[in-house]
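Here's work.txt, which has compact mmCIF, N, CA and C atoms:
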# COMPACT_ATOMS: atom_id res chain seq x y z
N MET A 1 1.84 14.79 -17.48
CA MET A 1 1.40 15.07 -16.14
C MET A 1 2.61 14.98 -15.20
N LYS A 2 2.82 16.02 -14.41
CA LYS A 2 3.96 16.07 -13.51
C LYS A 2 3.70 15.22 -12.28
N ARG A 3 4.69 14.45 -11.89
CA ARG A 3 4.57 13.60 -10.69
C ARG A 3 4.66 14.44 -9.44
N LYS A 4 3.80 14.14 -8.50
CA LYS A 4 3.81 14.80 -7.21
C LYS A 4 4.97 14.24 -6.40
N ILE A 5 5.72 15.11 -5.77
CA ILE A 5 6.82 14.66 -4.93
C ILE A 5 6.25 14.33 -3.55
N ILE A 6 6.51 13.11 -3.11
CA ILE A 6 6.04 12.67 -1.81
C ILE A 6 7.23 12.66 -0.86
N PRO A 7 7.13 13.41 0.24
CA PRO A 7 8.26 13.46 1.17
C PRO A 7 8.46 12.14 1.91
N TYR A 8 9.69 11.89 2.32
CA TYR A 8 9.96 10.74 3.17
C TYR A 8 11.16 11.05 4.06
N ASN A 9 11.20 10.38 5.17
CA ASN A 9 12.29 10.54 6.13
C ASN A 9 13.42 9.58 5.73
N PRO A 10 14.56 10.11 5.28
CA PRO A 10 15.66 9.24 4.85
C PRO A 10 16.15 8.29 5.94
N LYS A 11 15.92 8.66 7.19
CA LYS A 11 16.34 7.80 8.31
C LYS A 11 15.56 6.49 8.33
N LEU A 12 14.45 6.41 7.60
CA LEU A 12 13.63 5.20 7.58
C LEU A 12 14.07 4.19 6.53
N LYS A 13 14.99 4.59 5.63
CA LYS A 13 15.39 3.69 4.54
C LYS A 13 15.96 2.37 5.05
N GLU A 14 16.84 2.43 6.02
CA GLU A 14 17.47 1.22 6.53
C GLU A 14 16.45 0.34 7.25
N PHE A 15 15.56 0.96 8.03
CA PHE A 15 14.52 0.20 8.73
C PHE A 15 13.58 -0.47 7.71
N ALA A 16 13.25 0.24 6.63
CA ALA A 16 12.40 -0.33 5.58
C ALA A 16 13.08 -1.55 4.96
N ARG A 17 14.38 -1.47 4.75
CA ARG A 17 15.13 -2.60 4.21
C ARG A 17 15.06 -3.80 5.17
N GLU A 18 15.20 -3.53 6.46
CA GLU A 18 15.09 -4.60 7.46
C GLU A 18 13.70 -5.24 7.42
N LEU A 19 12.67 -4.42 7.30
CA LEU A 19 11.31 -4.95 7.22
C LEU A 19 11.12 -5.82 5.98
N ARG A 20 11.71 -5.39 4.85
CA ARG A 20 11.62 -6.20 3.63
C ARG A 20 12.30 -7.55 3.82
N ASN A 21 13.42 -7.54 4.53
CA ASN A 21 14.17 -8.77 4.75
C ASN A 21 13.54 -9.67 5.81
N ASN A 22 12.59 -9.14 6.57
CA ASN A 22 11.95 -9.90 7.65
C ASN A 22 10.43 -9.84 7.52
N SER A 23 9.94 -10.03 6.32
CA SER A 23 8.51 -9.93 6.05
C SER A 23 7.73 -11.02 6.78
N THR A 24 6.48 -10.71 7.11
CA THR A 24 5.59 -11.72 7.69
C THR A 24 5.11 -12.64 6.57
N LYS A 25 4.57 -13.77 6.96
CA LYS A 25 4.06 -14.73 5.97
C LYS A 25 2.97 -14.09 5.11
N SER A 26 2.08 -13.34 5.74
CA SER A 26 1.00 -12.71 4.98
C SER A 26 1.54 -11.65 4.01
N GLU A 27 2.57 -10.90 4.42
CA GLU A 27 3.17 -9.92 3.51
C GLU A 27 3.82 -10.63 2.32
N ILE A 28 4.47 -11.74 2.55
CA ILE A 28 5.10 -12.50 1.46
C ILE A 28 4.03 -13.00 0.48
N ILE A 29 2.94 -13.52 1.02
CA ILE A 29 1.85 -14.02 0.16
C ILE A 29 1.28 -12.90 -0.69
N LEU A 30 1.00 -11.75 -0.08
CA LEU A 30 0.43 -10.64 -0.84
C LEU A 30 1.45 -10.09 -1.85
N TRP A 31 2.71 -10.02 -1.46
CA TRP A 31 3.73 -9.53 -2.37
C TRP A 31 3.82 -10.39 -3.63
N GLN A 32 3.62 -11.70 -3.49
CA GLN A 32 3.65 -12.58 -4.65
C GLN A 32 2.57 -12.20 -5.66
N LYS A 33 1.49 -11.59 -5.20
CA LYS A 33 0.38 -11.17 -6.07
C LYS A 33 0.57 -9.76 -6.64
N LEU A 34 1.38 -8.94 -5.96
CA LEU A 34 1.52 -7.53 -6.35
C LEU A 34 2.77 -7.24 -7.19
N LYS A 35 3.80 -8.03 -6.99
CA LYS A 35 5.09 -7.69 -7.61
C LYS A 35 5.07 -7.87 -9.13
N ARG A 36 6.06 -7.25 -9.76
CA ARG A 36 6.28 -7.36 -11.21
C ARG A 36 5.06 -7.01 -12.04
N ASP A 37 4.40 -5.94 -11.69
CA ASP A 37 3.31 -5.38 -12.51
C ASP A 37 2.17 -6.37 -12.76
N GLN A 38 1.94 -7.30 -11.83
CA GLN A 38 0.88 -8.29 -12.01
C GLN A 38 -0.52 -7.70 -11.87
N MET A 39 -0.63 -6.59 -11.17
CA MET A 39 -1.93 -5.96 -10.94
C MET A 39 -2.20 -4.93 -12.04
N TYR A 40 -2.69 -5.41 -13.16
CA TYR A 40 -3.05 -4.54 -14.28
C TYR A 40 -1.88 -3.67 -14.74
N GLY A 41 -0.67 -4.15 -14.54
CA GLY A 41 0.52 -3.43 -14.99
C GLY A 41 1.01 -2.36 -14.04
N TYR A 42 0.41 -2.23 -12.87
CA TYR A 42 0.84 -1.21 -11.91
C TYR A 42 2.02 -1.71 -11.09
N ASP A 43 2.94 -0.80 -10.82
CA ASP A 43 4.18 -1.10 -10.12
C ASP A 43 4.01 -0.84 -8.62
N PHE A 44 4.09 -1.90 -7.82
CA PHE A 44 4.00 -1.77 -6.37
C PHE A 44 5.39 -1.92 -5.75
N HIS A 45 5.59 -1.22 -4.65
CA HIS A 45 6.81 -1.33 -3.87
C HIS A 45 6.43 -1.82 -2.48
N ARG A 46 7.34 -2.52 -1.82
CA ARG A 46 7.02 -2.98 -0.47
C ARG A 46 7.89 -2.26 0.55
N GLN A 47 7.32 -2.08 1.72
CA GLN A 47 7.98 -1.37 2.82
C GLN A 47 8.55 -0.04 2.31
N LYS A 48 7.64 0.81 1.86
CA LYS A 48 7.99 2.07 1.22
C LYS A 48 7.92 3.23 2.23
N PRO A 49 9.06 3.89 2.51
CA PRO A 49 9.03 5.06 3.40
C PRO A 49 8.28 6.22 2.73
N ILE A 50 7.31 6.75 3.46
CA ILE A 50 6.57 7.93 3.02
C ILE A 50 6.36 8.80 4.24
N ASP A 51 6.78 10.06 4.12
CA ASP A 51 6.72 10.99 5.24
C ASP A 51 7.50 10.36 6.40
N ASN A 52 6.89 10.24 7.57
CA ASN A 52 7.57 9.63 8.72
C ASN A 52 7.05 8.23 9.01
N TYR A 53 6.54 7.58 7.97
CA TYR A 53 5.93 6.26 8.11
C TYR A 53 6.48 5.31 7.04
N ILE A 54 6.18 4.04 7.21
CA ILE A 54 6.51 3.04 6.20
C ILE A 54 5.23 2.29 5.87
N LEU A 55 4.88 2.30 4.58
CA LEU A 55 3.70 1.55 4.12
C LEU A 55 4.14 0.14 3.72
N ASP A 56 3.31 -0.85 4.04
CA ASP A 56 3.65 -2.22 3.66
C ASP A 56 3.82 -2.34 2.15
N PHE A 57 2.86 -1.77 1.40
CA PHE A 57 2.91 -1.77 -0.07
C PHE A 57 2.45 -0.42 -0.56
N PHE A 58 3.05 0.04 -1.66
CA PHE A 58 2.67 1.34 -2.20
C PHE A 58 2.79 1.34 -3.71
N CYS A 59 1.78 1.92 -4.37
CA CYS A 59 1.80 2.13 -5.82
C CYS A 59 1.67 3.63 -6.07
N TYR A 60 2.73 4.21 -6.64
CA TYR A 60 2.74 5.64 -6.88
C TYR A 60 1.66 6.05 -7.89
N GLU A 61 1.56 5.30 -8.98
CA GLU A 61 0.61 5.68 -10.05
C GLU A 61 -0.83 5.71 -9.54
N LEU A 62 -1.16 4.83 -8.62
CA LEU A 62 -2.52 4.78 -8.07
C LEU A 62 -2.66 5.61 -6.80
N MET A 63 -1.53 6.08 -6.27
CA MET A 63 -1.51 6.74 -4.95
C MET A 63 -2.25 5.85 -3.95
N LEU A 64 -1.85 4.58 -3.94
CA LEU A 64 -2.50 3.56 -3.12
C LEU A 64 -1.48 2.90 -2.20
N GLY A 65 -1.81 2.89 -0.92
CA GLY A 65 -1.04 2.16 0.07
C GLY A 65 -1.85 0.98 0.55
N ILE A 66 -1.18 -0.13 0.79
CA ILE A 66 -1.84 -1.32 1.33
C ILE A 66 -1.13 -1.70 2.61
N GLU A 67 -1.91 -1.87 3.67
CA GLU A 67 -1.38 -2.24 4.97
C GLU A 67 -1.91 -3.62 5.35
N VAL A 68 -1.02 -4.46 5.84
CA VAL A 68 -1.39 -5.78 6.34
C VAL A 68 -1.16 -5.76 7.84
N ASP A 69 -2.24 -5.87 8.59
CA ASP A 69 -2.18 -5.70 10.04
C ASP A 69 -2.17 -7.03 10.77
N GLY A 70 -1.16 -7.22 11.60
CA GLY A 70 -1.09 -8.39 12.48
C GLY A 70 -1.95 -8.17 13.72
N TYR A 71 -1.90 -9.14 14.62
CA TYR A 71 -2.77 -9.09 15.81
C TYR A 71 -2.51 -7.86 16.67
N SER A 72 -1.28 -7.33 16.67
CA SER A 72 -0.97 -6.17 17.52
C SER A 72 -1.80 -4.94 17.15
N HIS A 73 -2.30 -4.91 15.92
CA HIS A 73 -3.09 -3.76 15.47
C HIS A 73 -4.48 -3.74 16.11
N GLU A 74 -4.81 -4.80 16.83
CA GLU A 74 -6.08 -4.83 17.55
C GLU A 74 -5.99 -4.08 18.88
N PHE A 75 -4.77 -3.81 19.36
CA PHE A 75 -4.61 -3.07 20.59
C PHE A 75 -4.90 -1.59 20.34
N LEU A 76 -5.56 -0.96 21.31
CA LEU A 76 -6.02 0.41 21.15
C LEU A 76 -4.88 1.37 20.78
N GLU A 77 -3.75 1.25 21.44
CA GLU A 77 -2.62 2.15 21.18
C GLU A 77 -2.14 2.04 19.73
N ILE A 78 -2.01 0.82 19.24
CA ILE A 78 -1.56 0.59 17.86
C ILE A 78 -2.64 1.06 16.89
N TYR A 79 -3.90 0.75 17.20
CA TYR A 79 -5.02 1.18 16.34
C TYR A 79 -5.02 2.70 16.20
N GLN A 80 -4.80 3.41 17.31
CA GLN A 80 -4.79 4.88 17.26
C GLN A 80 -3.62 5.39 16.41
N LYS A 81 -2.47 4.74 16.51
CA LYS A 81 -1.32 5.13 15.67
C LYS A 81 -1.63 4.87 14.19
N ASP A 82 -2.33 3.76 13.92
CA ASP A 82 -2.73 3.46 12.54
C ASP A 82 -3.64 4.55 12.00
N GLN A 83 -4.55 5.04 12.83
CA GLN A 83 -5.48 6.08 12.40
C GLN A 83 -4.74 7.37 12.08
N ILE A 84 -3.76 7.72 12.88
CA ILE A 84 -2.94 8.93 12.64
C ILE A 84 -2.16 8.76 11.34
N LYS A 85 -1.57 7.59 11.15
CA LYS A 85 -0.80 7.29 9.93
C LYS A 85 -1.70 7.39 8.70
N GLU A 86 -2.88 6.78 8.78
CA GLU A 86 -3.80 6.80 7.65
C GLU A 86 -4.27 8.21 7.33
N LYS A 87 -4.54 9.00 8.36
CA LYS A 87 -4.95 10.41 8.16
C LYS A 87 -3.84 11.17 7.43
N ARG A 88 -2.59 10.96 7.83
CA ARG A 88 -1.46 11.65 7.18
C ARG A 88 -1.33 11.20 5.72
N MET A 89 -1.50 9.91 5.47
CA MET A 89 -1.43 9.41 4.09
C MET A 89 -2.53 10.06 3.25
N ASN A 90 -3.73 10.16 3.80
CA ASN A 90 -4.84 10.80 3.09
C ASN A 90 -4.53 12.25 2.79
N GLU A 91 -3.88 12.95 3.72
CA GLU A 91 -3.47 14.34 3.49
C GLU A 91 -2.50 14.44 2.32
N LEU A 92 -1.71 13.40 2.12
CA LEU A 92 -0.76 13.37 1.00
C LEU A 92 -1.40 12.87 -0.30
N GLY A 93 -2.70 12.56 -0.22
CA GLY A 93 -3.42 12.10 -1.41
C GLY A 93 -3.35 10.59 -1.61
N ILE A 94 -2.95 9.87 -0.59
CA ILE A 94 -2.79 8.42 -0.68
C ILE A 94 -3.99 7.73 -0.01
N THR A 95 -4.61 6.83 -0.74
CA THR A 95 -5.68 6.00 -0.20
C THR A 95 -5.05 4.75 0.43
N ILE A 96 -5.59 4.32 1.56
CA ILE A 96 -5.08 3.13 2.23
C ILE A 96 -6.13 2.03 2.21
N LEU A 97 -5.71 0.85 1.75
CA LEU A 97 -6.52 -0.36 1.89
C LEU A 97 -5.87 -1.16 3.00
N ARG A 98 -6.69 -1.61 3.93
CA ARG A 98 -6.20 -2.32 5.11
C ARG A 98 -6.77 -3.72 5.17
N PHE A 99 -5.89 -4.70 5.37
CA PHE A 99 -6.29 -6.09 5.49
C PHE A 99 -5.62 -6.69 6.72
N SER A 100 -6.26 -7.65 7.34
CA SER A 100 -5.64 -8.33 8.47
C SER A 100 -4.77 -9.47 7.95
N ASP A 101 -3.82 -9.89 8.79
CA ASP A 101 -3.02 -11.07 8.46
C ASP A 101 -3.94 -12.24 8.13
N TYR A 102 -4.96 -12.40 8.95
CA TYR A 102 -5.89 -13.52 8.78
C TYR A 102 -6.54 -13.48 7.40
N GLN A 103 -7.00 -12.29 6.97
CA GLN A 103 -7.62 -12.18 5.65
C GLN A 103 -6.66 -12.60 4.55
N VAL A 104 -5.42 -12.13 4.63
CA VAL A 104 -4.44 -12.45 3.59
C VAL A 104 -4.11 -13.95 3.61
N LEU A 105 -3.97 -14.51 4.80
CA LEU A 105 -3.61 -15.93 4.91
C LEU A 105 -4.75 -16.86 4.52
N LYS A 106 -5.96 -16.52 4.91
CA LYS A 106 -7.10 -17.44 4.75
C LYS A 106 -8.01 -17.11 3.58
N ASP A 107 -7.91 -15.89 3.06
CA ASP A 107 -8.83 -15.48 1.99
C ASP A 107 -8.09 -14.59 0.98
N THR A 108 -6.92 -15.05 0.56
CA THR A 108 -6.07 -14.27 -0.35
C THR A 108 -6.82 -13.85 -1.61
N GLU A 109 -7.63 -14.74 -2.13
CA GLU A 109 -8.36 -14.45 -3.37
C GLU A 109 -9.23 -13.20 -3.24
N ASN A 110 -9.94 -13.07 -2.13
CA ASN A 110 -10.80 -11.90 -1.96
C ASN A 110 -10.00 -10.64 -1.64
N VAL A 111 -8.85 -10.77 -1.01
CA VAL A 111 -7.97 -9.62 -0.79
C VAL A 111 -7.51 -9.10 -2.16
N VAL A 112 -7.09 -10.01 -3.01
CA VAL A 112 -6.64 -9.63 -4.36
C VAL A 112 -7.81 -8.99 -5.12
N ARG A 113 -9.00 -9.56 -5.00
CA ARG A 113 -10.18 -8.97 -5.65
C ARG A 113 -10.44 -7.55 -5.18
N ALA A 114 -10.27 -7.30 -3.88
CA ALA A 114 -10.49 -5.95 -3.34
C ALA A 114 -9.49 -4.97 -3.95
N VAL A 115 -8.24 -5.39 -4.11
CA VAL A 115 -7.23 -4.52 -4.73
C VAL A 115 -7.58 -4.30 -6.20
N GLU A 116 -7.97 -5.36 -6.89
CA GLU A 116 -8.37 -5.24 -8.30
C GLU A 116 -9.57 -4.30 -8.45
N TYR A 117 -10.52 -4.41 -7.54
CA TYR A 117 -11.70 -3.56 -7.57
C TYR A 117 -11.29 -2.09 -7.41
N TYR A 118 -10.39 -1.81 -6.48
CA TYR A 118 -9.90 -0.44 -6.29
C TYR A 118 -9.27 0.06 -7.60
N ILE A 119 -8.46 -0.77 -8.22
CA ILE A 119 -7.77 -0.37 -9.46
C ILE A 119 -8.78 -0.08 -10.57
N THR A 120 -9.77 -0.94 -10.75
CA THR A 120 -10.75 -0.72 -11.82
C THR A 120 -11.59 0.52 -11.54
N GLU A 121 -11.95 0.76 -10.29
CA GLU A 121 -12.71 1.97 -9.94
C GLU A 121 -11.85 3.21 -10.13
N TYR A 122 -10.59 3.12 -9.77
CA TYR A 122 -9.66 4.23 -9.94
C TYR A 122 -9.58 4.59 -11.42
N GLY A 123 -9.51 3.58 -12.28
CA GLY A 123 -9.42 3.80 -13.72
C GLY A 123 -10.65 4.47 -14.29
N LYS A 124 -11.81 4.21 -13.69
CA LYS A 124 -13.06 4.83 -14.16
C LYS A 124 -13.11 6.33 -13.85
N HIS A 125 -12.41 6.73 -12.80
CA HIS A 125 -12.51 8.11 -12.32
C HIS A 125 -11.25 8.93 -12.58
N THR A 126 -10.28 8.33 -13.23
CA THR A 126 -9.02 9.01 -13.50
C THR A 126 -8.77 9.01 -14.99
N PRO A 127 -8.57 10.20 -15.58
CA PRO A 127 -8.30 10.23 -17.02
C PRO A 127 -6.99 9.54 -17.35
N ASN A 128 -7.00 8.81 -18.45
CA ASN A 128 -5.80 8.17 -18.96
C ASN A 128 -5.01 9.20 -19.76
N PRO A 129 -3.78 9.57 -19.30
CA PRO A 129 -3.03 10.61 -20.00
C PRO A 129 -2.79 10.31 -21.47
N SER A 130 -2.73 9.04 -21.85
CA SER A 130 -2.47 8.71 -23.25
C SER A 130 -3.72 8.94 -24.12
N GLN A 131 -4.89 9.10 -23.47
CA GLN A 131 -6.11 9.30 -24.24
C GLN A 131 -6.66 10.72 -24.13
N GLU A 132 -6.03 11.56 -23.30
CA GLU A 132 -6.52 12.93 -23.17
C GLU A 132 -6.43 13.67 -24.51
N GLY A 133 -7.47 14.38 -24.81
CA GLY A 133 -7.50 15.17 -26.02
C GLY A 133 -7.82 14.38 -27.27
N SER A 134 -8.03 13.08 -27.16
CA SER A 134 -8.37 12.31 -28.36
C SER A 134 -9.88 12.14 -28.45
N PHE A 135 -10.36 11.95 -29.66
CA PHE A 135 -11.80 11.80 -29.90
C PHE A 135 -12.14 10.43 -30.41
Would you give me this structure, written as structure tokens?
Amino acid sequence: MKRKIIPYNPKLKEFARELRNNSTKSEIILWQKLKRDQMYGYDFHRQKPIDNYILDFFCYELMLGIEVDGYSHEFLEIYQKDQIKEKRMNELGITILRFSDYQVLKDTENVVRAVEYYITEYGKHTPNPSQEGSF
């Protein structure tokens, strides 16, 4: 199966690196659960430039983005920008799971369960290339 090429703005690479180096506490906590193929063997990246945006976490194989929203995302202007970003990600075939800082900090277990649930549901509806054509 050929990988879909996802465009990104190269000018965002340095900013993404800065974001990785200055992660929020909730991003660090969630990253500890996602890194090194801990989620059913899927490879997640953090602060991943895609198109003209940066996703907090992204898994190419699942076409899944995860956003961790701080209190500023409650403001109407930021919320509207989030909606535009999410719409663009959906146009690129990327599903977005959104969690608040509070959820990650206070209920990490259920945040992880939500990601695991997405992965198991994704597996039910996506053919496994290693099993295609076998009986």
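Here atom N of Leu19 of chain A stands at a distance of 7.2 Å from atom CA of Gln47 of chain A.
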Task: Distance query Val68 of chain A at most 6 Å, only N, CA and C atoms, self and fewer than 3 positions along chain excluded, as a PyMOL selection string - done: chain A and resi 56+98-101
Using only N, CA and C atoms, please write the residues we just selected to a file, as a compact mmCIF listing (two decimals), keeping the file's coordinate frame.
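Written file, out_12.txt:
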# COMPACT_ATOMS: atom_id res chain seq x y z
N ASP A 56 3.31 -0.85 4.04
CA ASP A 56 3.65 -2.22 3.66
C ASP A 56 3.82 -2.34 2.15
N ARG A 98 -6.69 -1.61 3.93
CA ARG A 98 -6.20 -2.32 5.11
C ARG A 98 -6.77 -3.72 5.17
N PHE A 99 -5.89 -4.70 5.37
CA PHE A 99 -6.29 -6.09 5.49
C PHE A 99 -5.62 -6.69 6.72
N SER A 100 -6.26 -7.65 7.34
CA SER A 100 -5.64 -8.33 8.47
C SER A 100 -4.77 -9.47 7.95
N ASP A 101 -3.82 -9.89 8.79
CA ASP A 101 -3.02 -11.07 8.46
C ASP A 101 -3.94 -12.24 8.13
Might I get the box with edges along x, y and z of the file that holds all atoms of segment 92-105 of chain A listed there, padded by 5 Å on every side, given as centre and edge lengths in Å to one decimal, as lines of an AutoDock Vina configuration file?
center_x = -4.2
center_y = -1.7
center_z = 3.7
size_x = 16.9
size_y = 40.3
size_z = 20.6
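When DSSP is run on the backbone, the residues of chain A that fall into strand (DSSP E) are His45, Arg46, Gln47, Lys48, Pro49, Ile50, Tyr53, Ile54, Leu55, Asp56, Phe57, Phe58, Cys59, Leu64, Gly65, Ile66, Glu67, Val68, Asp69, Thr95, Ile96, Leu97, Arg98, Phe99 and Ser100 of chain A.
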Open item on the list: Would you pick out the contacts of segment 84-94 of chain A at 7 Å or less, using all atoms listed in the file, so that residues sharing its chain but fewer than 6 positions from it are not included, and give the list as number ranges by chain?
Closed with: A: 62-65
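In this structure, atom CA of Cys59 of chain A sits 5.9 Å away from atom CA of Asp43 of chain A.
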Task: Counting only C-alpha atoms, the option among A:Arg113, A:Lys48, A:Lys25, A:Lys35 closest to Gly70 of chain A - done: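 Comparing A:Arg113, A:Lys48, A:Lys25, A:Lys35 against Gly70 of chain A, the winner is A:Lys25.
The space separating atom N of Asp69 of chain A from atom N of Tyr102 of chain A comes to 7.1 Å.
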TODO: Using all atoms listed in the file, find the one residue out of A:Ile119, A:Ile66, A:Ile50, A:Leu55 that sits nearest to Pro7 of chain A.
DONE: A:Ile50
